[in-house]
Amino acid sequence: MEQKKLAIIATKGSLDWAYPPFILASTAAALGYEVQIFFTFYGLQLLKKDLALEVTPLGNPGMPMPMGMDKWFPVLGLTLPGMQGMMTSMMKAKMKKKGVASIEDLRELCQEAEVKFIACQMTVDLFELNPAEFIDGVEYAGAAAFFEFAGESDICLYI
Amino acid sequence: MAAFDQELDASGLNCPLPILRAKKTLNSMASGQVLHIIATDPGSVKDFDAFAKQTGNELMESKEEGGKFHFLIKKS
C-alpha cells in the first residue's frame, strides 16, 4: 500500500490554535502518513525557538472562563492589562494538570517523526521575521511548492 | 491478561500522547512481540482500535479494569 499523505496549512499563532496542527501531524506520522505543515502568516510564530504563545478570550465567546470570570469581567474587562497573560497561565496550568502535552513537546515529536516544516517565504519577508529565531530543520518555500505536495495528499487541512 | 514483552504506562497522559508513546515503543520492538499499554484517557479506547486498524498491528485485547484502560498490541 502506498504511503498516505497529509498536508496542513497552519495560519494561526495563538496557544490554543497551535495544538491542532501539531496534534494531527504527530498522530498522522505515528499512523504511517508522510506529513508536511506549511506555516504562513501568524502560523510562523509556531516555529520560533522561544515560543511566546498566548490565548485571548477577546472575540472568542466560546472560550470557557474559569471561576465565572465572564460574569464579573464582561468584554471590556477582558481588555485590562495583564488579563491575556493571566488567561494564558491559567490555560497552561490546566493543560499540564490534564496531561496535555506542551506545544514544544508536540513539535519535537513531529520532528522526530520526520514531519516536514515549511515556512512561507513571503510572510517571513513581509513581517521581517528572522530565520535565526526559528527552530532547525525548517524549509522555506512558496505556494507552488505547497501544491506540489498537497496535490498528491490524501488529506489537506487549513487550520 | 495474556503474556506481553513490554509494558508502557501512559496513565495521566492525554491525546495524542498515549498513541505517540505506543508507536515509539513499538518501533523498538521486534515483529510478533506484544506491548501492554495502560492508559487513563477514555478516548484511547477508540484511538487504539483505530491505530491498530491503520498500522496493521493487531489489537489483541482492549479492556477496562480498576478505572484504567488496558491494551495488548502485537507488532506486525
# chains A, B, ... in the order shown; residues from 1 in each chain; ligands from 1

$ select_by_dssp --residues "segment 3-40 of chain B" --states "helix (DSSP H, G or I)" --output "PyMOL selection string"
chain B and resi 17-27

$ residues_around --residues "segment 31-39 of chain B" --least-positions-apart "6" --cutoff "9 Å" --atoms "only C-alpha atoms" --output "PyMOL selection string"
chain B and resi 3-14+18+22+25+45+60+68-76

$ write_last_selection --atoms "C-alpha atoms" --output "tab-separated table (two decimals), in the first residue's frame"
chain	number	residue	atom	x	y	z
B	3	ALA	CA	1.60	-12.54	28.27
B	4	PHE	CA	3.41	-9.50	26.94
B	5	ASP	CA	7.00	-8.50	26.18
B	6	GLN	CA	6.96	-4.81	27.10
B	7	GLU	CA	4.81	-2.51	29.13
B	8	LEU	CA	4.02	1.17	28.66
B	9	ASP	CA	2.26	3.15	31.37
B	10	ALA	CA	0.55	6.11	29.70
B	11	SER	CA	-1.60	6.91	32.75
B	12	GLY	CA	-2.40	10.60	33.12
B	13	LEU	CA	-1.42	11.37	29.52
B	14	ASN	CA	-3.93	12.87	27.14
B	18	PRO	CA	-0.63	7.55	24.53
B	22	ALA	CA	2.98	3.44	21.97
B	25	THR	CA	7.84	1.81	21.94
B	45	VAL	CA	-10.22	3.05	23.63
B	60	MET	CA	-5.30	-8.48	20.82
B	68	LYS	CA	-7.78	2.16	33.79
B	69	PHE	CA	-7.72	1.02	30.20
B	70	HIS	CA	-5.50	-1.87	29.14
B	71	PHE	CA	-4.46	-2.72	25.61
B	72	LEU	CA	-2.40	-5.54	24.17
B	73	ILE	CA	-0.91	-4.80	20.77
B	74	LYS	CA	1.08	-7.31	18.77
B	75	LYS	CA	3.64	-5.76	16.46
B	76	SER	CA	3.10	-6.76	12.83

$ residues_around --residues "Ala113 of chain A" --least-positions-apart "2" --cutoff "9 Å" --atoms "only C-alpha atoms" --output "list of chain:residue names"
A:Ser26, A:Ala29, A:Ala30, A:Glu108, A:Leu109, A:Cys110, A:Gln111, A:Val115

$ interface_residues --of "chain A" --to "chain B" --cutoff "8 Å" --atoms "only C-alpha atoms" --output "short mmCIF file (atom, residue, chain, number, x, y, z; two decimals) with N, CA and C atoms, in the first residue's frame"
data_model
loop_
_atom_site.label_atom_id
_atom_site.label_comp_id
_atom_site.auth_asym_id
_atom_site.auth_seq_id
_atom_site.Cartn_x
_atom_site.Cartn_y
_atom_site.Cartn_z
N ILE A 23 -0.91 18.26 16.84
CA ILE A 23 -1.54 17.00 17.28
C ILE A 23 -1.83 16.13 16.06
N SER A 26 1.55 14.89 14.30
CA SER A 26 2.29 13.85 15.01
C SER A 26 1.52 12.53 15.00
N THR A 27 0.19 12.61 15.14
CA THR A 27 -0.61 11.39 15.12
C THR A 27 -0.59 10.74 13.74
N ALA A 30 2.51 8.92 13.26
CA ALA A 30 2.51 7.65 14.00
C ALA A 30 1.70 6.60 13.27
N LEU A 31 0.73 7.03 12.47
CA LEU A 31 -0.10 6.08 11.72
C LEU A 31 0.54 5.74 10.37
N GLY A 32 1.69 6.32 10.11
CA GLY A 32 2.41 5.98 8.89
C GLY A 32 2.26 6.97 7.75
N LYS A 98 -4.12 18.25 33.14
CA LYS A 98 -4.90 17.25 32.40
C LYS A 98 -4.02 16.35 31.53
N GLY A 99 -2.71 16.48 31.65
CA GLY A 99 -1.83 15.60 30.88
C GLY A 99 -1.78 15.91 29.40
N VAL A 100 -2.08 17.17 29.05
CA VAL A 100 -1.97 17.59 27.65
C VAL A 100 -0.53 18.02 27.41
N ALA A 101 0.03 17.55 26.33
CA ALA A 101 1.44 17.86 26.03
C ALA A 101 1.63 19.34 25.77
#

$ residues_around --residues "Ala119 of chain A" --least-positions-apart "2" --cutoff "6 Å" --atoms "only C-alpha atoms" --output "PDB file with N, CA and C atoms, in the first residue's frame"
ATOM      1  N   PHE A  38       2.692  23.551   6.254  1.00  0.00           N
ATOM      2  CA  PHE A  38       3.091  24.818   5.636  1.00  0.00           C
ATOM      3  C   PHE A  38       2.659  25.937   6.576  1.00  0.00           C
ATOM      4  N   PHE A  39       3.622  26.645   7.151  1.00  0.00           N
ATOM      5  CA  PHE A  39       3.327  27.707   8.126  1.00  0.00           C
ATOM      6  C   PHE A  39       3.295  29.046   7.420  1.00  0.00           C
ATOM      7  N   GLN A 121       7.920  31.780   2.675  1.00  0.00           N
ATOM      8  CA  GLN A 121       8.977  32.781   2.461  1.00  0.00           C
ATOM      9  C   GLN A 121       8.408  34.195   2.366  1.00  0.00           C
ATOM     10  N   TYR A 140      12.149  26.714   3.494  1.00  0.00           N
ATOM     11  CA  TYR A 140      11.459  27.932   3.071  1.00  0.00           C
ATOM     12  C   TYR A 140      10.977  27.775   1.645  1.00  0.00           C
TER      13      TYR A 140
END

$ closest_residue --among "A:Ile118, A:Ala28, A:Leu76, A:Leu106" --to "Ala143 of chain A" --atoms "only C-alpha atoms"
A:Ile118

$ residues_around --residues "Gln45 of chain A" --least-positions-apart "2" --cutoff "12 Å" --atoms "only C-alpha atoms" --output "NGL selection string"
:A and (10-15 or 17-18 or 39-43 or 47-54 or 103 or 119-120 or 123-124 or 127 or 129-131 or 133-135)

$ write_last_selection --atoms "N, CA and C atoms" --output "CSV table (one decimal), in the first residue's frame"
chain,number,residue,atom,x,y,z
A,10,ALA,N,-0.9,25.9,8.4
A,10,ALA,CA,-1.1,26.4,9.8
A,10,ALA,C,-1.0,27.9,9.7
A,11,THR,N,-2.1,28.6,10.0
A,11,THR,CA,-2.2,30.1,9.8
A,11,THR,C,-2.3,30.9,11.1
A,12,LYS,N,-2.5,30.2,12.2
A,12,LYS,CA,-2.8,30.9,13.5
A,12,LYS,C,-1.7,30.8,14.5
A,13,GLY,N,-1.5,31.9,15.2
A,13,GLY,CA,-0.3,32.0,16.1
A,13,GLY,C,-0.7,32.1,17.6
A,14,SER,N,-1.8,31.5,18.0
A,14,SER,CA,-2.2,31.6,19.4
A,14,SER,C,-2.0,30.2,20.0
A,15,LEU,N,-1.9,30.2,21.4
A,15,LEU,CA,-1.6,28.9,22.1
A,15,LEU,C,-2.6,27.8,21.8
A,17,TRP,N,-4.7,27.6,19.2
A,17,TRP,CA,-4.7,27.2,17.8
A,17,TRP,C,-3.4,26.5,17.3
A,18,ALA,N,-2.4,26.5,18.2
A,18,ALA,CA,-1.1,25.8,17.9
A,18,ALA,C,-1.3,24.3,18.0
A,39,PHE,N,3.6,26.6,7.2
A,39,PHE,CA,3.3,27.7,8.1
A,39,PHE,C,3.3,29.0,7.4
A,40,THR,N,2.2,29.7,7.5
A,40,THR,CA,2.1,31.0,6.9
A,40,THR,C,1.4,32.1,7.8
A,41,PHE,N,1.6,33.3,7.5
A,41,PHE,CA,1.2,34.4,8.4
A,41,PHE,C,1.4,34.1,9.9
A,42,TYR,N,0.4,34.2,10.7
A,42,TYR,CA,0.7,34.1,12.2
A,42,TYR,C,1.1,32.7,12.6
A,43,GLY,N,0.9,31.8,11.7
A,43,GLY,CA,1.3,30.4,12.0
A,43,GLY,C,2.8,30.3,12.1
A,47,LEU,N,7.0,28.4,14.8
A,47,LEU,CA,8.3,27.8,14.5
A,47,LEU,C,9.4,28.5,15.3
A,48,LYS,N,9.1,29.4,16.2
A,48,LYS,CA,10.1,30.1,16.9
A,48,LYS,C,10.7,29.2,18.0
A,49,LYS,N,12.0,29.3,18.2
A,49,LYS,CA,12.7,28.5,19.2
A,49,LYS,C,12.1,28.8,20.6
A,50,ASP,N,11.9,30.1,20.9
A,50,ASP,CA,11.3,30.5,22.1
A,50,ASP,C,9.9,30.9,21.8
A,51,LEU,N,9.0,30.0,22.2
A,51,LEU,CA,7.6,30.2,21.9
A,51,LEU,C,7.0,31.1,23.0
A,52,ALA,N,6.3,32.1,22.5
A,52,ALA,CA,5.6,33.0,23.5
A,52,ALA,C,4.1,33.1,23.1
A,53,LEU,N,3.5,31.9,23.0
A,53,LEU,CA,2.1,31.8,22.5
A,53,LEU,C,1.2,32.1,23.7
A,54,GLU,N,0.1,32.8,23.3
A,54,GLU,CA,-0.9,33.2,24.4
A,54,GLU,C,-2.3,32.9,23.9
A,103,ILE,N,3.2,22.5,23.6
A,103,ILE,CA,3.5,22.7,22.2
A,103,ILE,C,4.9,22.3,21.8
A,119,ALA,N,8.2,27.0,6.0
A,119,ALA,CA,7.9,28.3,6.3
A,119,ALA,C,7.6,29.1,5.0
A,120,CYS,N,6.5,29.9,5.0
A,120,CYS,CA,6.1,30.7,3.9
A,120,CYS,C,7.1,31.8,3.7
A,123,THR,N,5.7,35.5,3.8
A,123,THR,CA,5.4,36.1,5.1
A,123,THR,C,6.6,36.4,5.9
A,124,VAL,N,7.7,35.6,5.8
A,124,VAL,CA,8.9,35.8,6.5
A,124,VAL,C,9.4,37.2,6.1
A,127,PHE,N,6.8,40.2,7.3
A,127,PHE,CA,6.9,40.6,8.7
A,127,PHE,C,8.3,40.8,9.2
A,129,LEU,N,10.6,38.6,9.6
A,129,LEU,CA,11.0,37.7,10.7
A,129,LEU,C,12.4,37.2,10.5
A,130,ASN,N,13.1,36.9,11.6
A,130,ASN,CA,14.5,36.4,11.5
A,130,ASN,C,14.5,34.9,11.6
A,131,PRO,N,15.0,34.3,10.5
A,131,PRO,CA,15.0,32.8,10.4
A,131,PRO,C,15.9,32.2,11.5
A,133,GLU,N,15.7,32.9,14.5
A,133,GLU,CA,14.8,32.7,15.7
A,133,GLU,C,14.0,31.4,15.5
A,134,PHE,N,14.0,30.8,14.3
A,134,PHE,CA,13.3,29.6,14.1
A,134,PHE,C,14.1,28.4,14.5
A,135,ILE,N,13.3,27.3,14.8
A,135,ILE,CA,14.0,26.0,15.1
A,135,ILE,C,14.7,25.5,13.9

$ residues_around --residues "Leu6 of chain A" --least-positions-apart "4" --cutoff "7 Å" --atoms "only C-alpha atoms" --output "PyMOL selection string"
chain A and resi 33-36+153-156

$ select_by_dssp --residues "chain A" --states "strand (DSSP E or B)" --output "PyMOL selection string"
chain A and resi 5-10+34-39+48+116-120+134+138-141+155-158

$ closest_residue --among "A:Ala132, A:Leu78, A:Trp72, A:Pro66" --to "Ala93 of chain A" --atoms "only C-alpha atoms"
A:Pro66

$ atom_distance --atom1 "atom CA of Leu59 of chain B" --atom2 "atom CA of Ala25 of chain A"
22.9 Å

$ atom_distance --atom1 "atom CA of Thr56 of chain A" --atom2 "atom CA of Leu157 of chain A"
23.5 Å
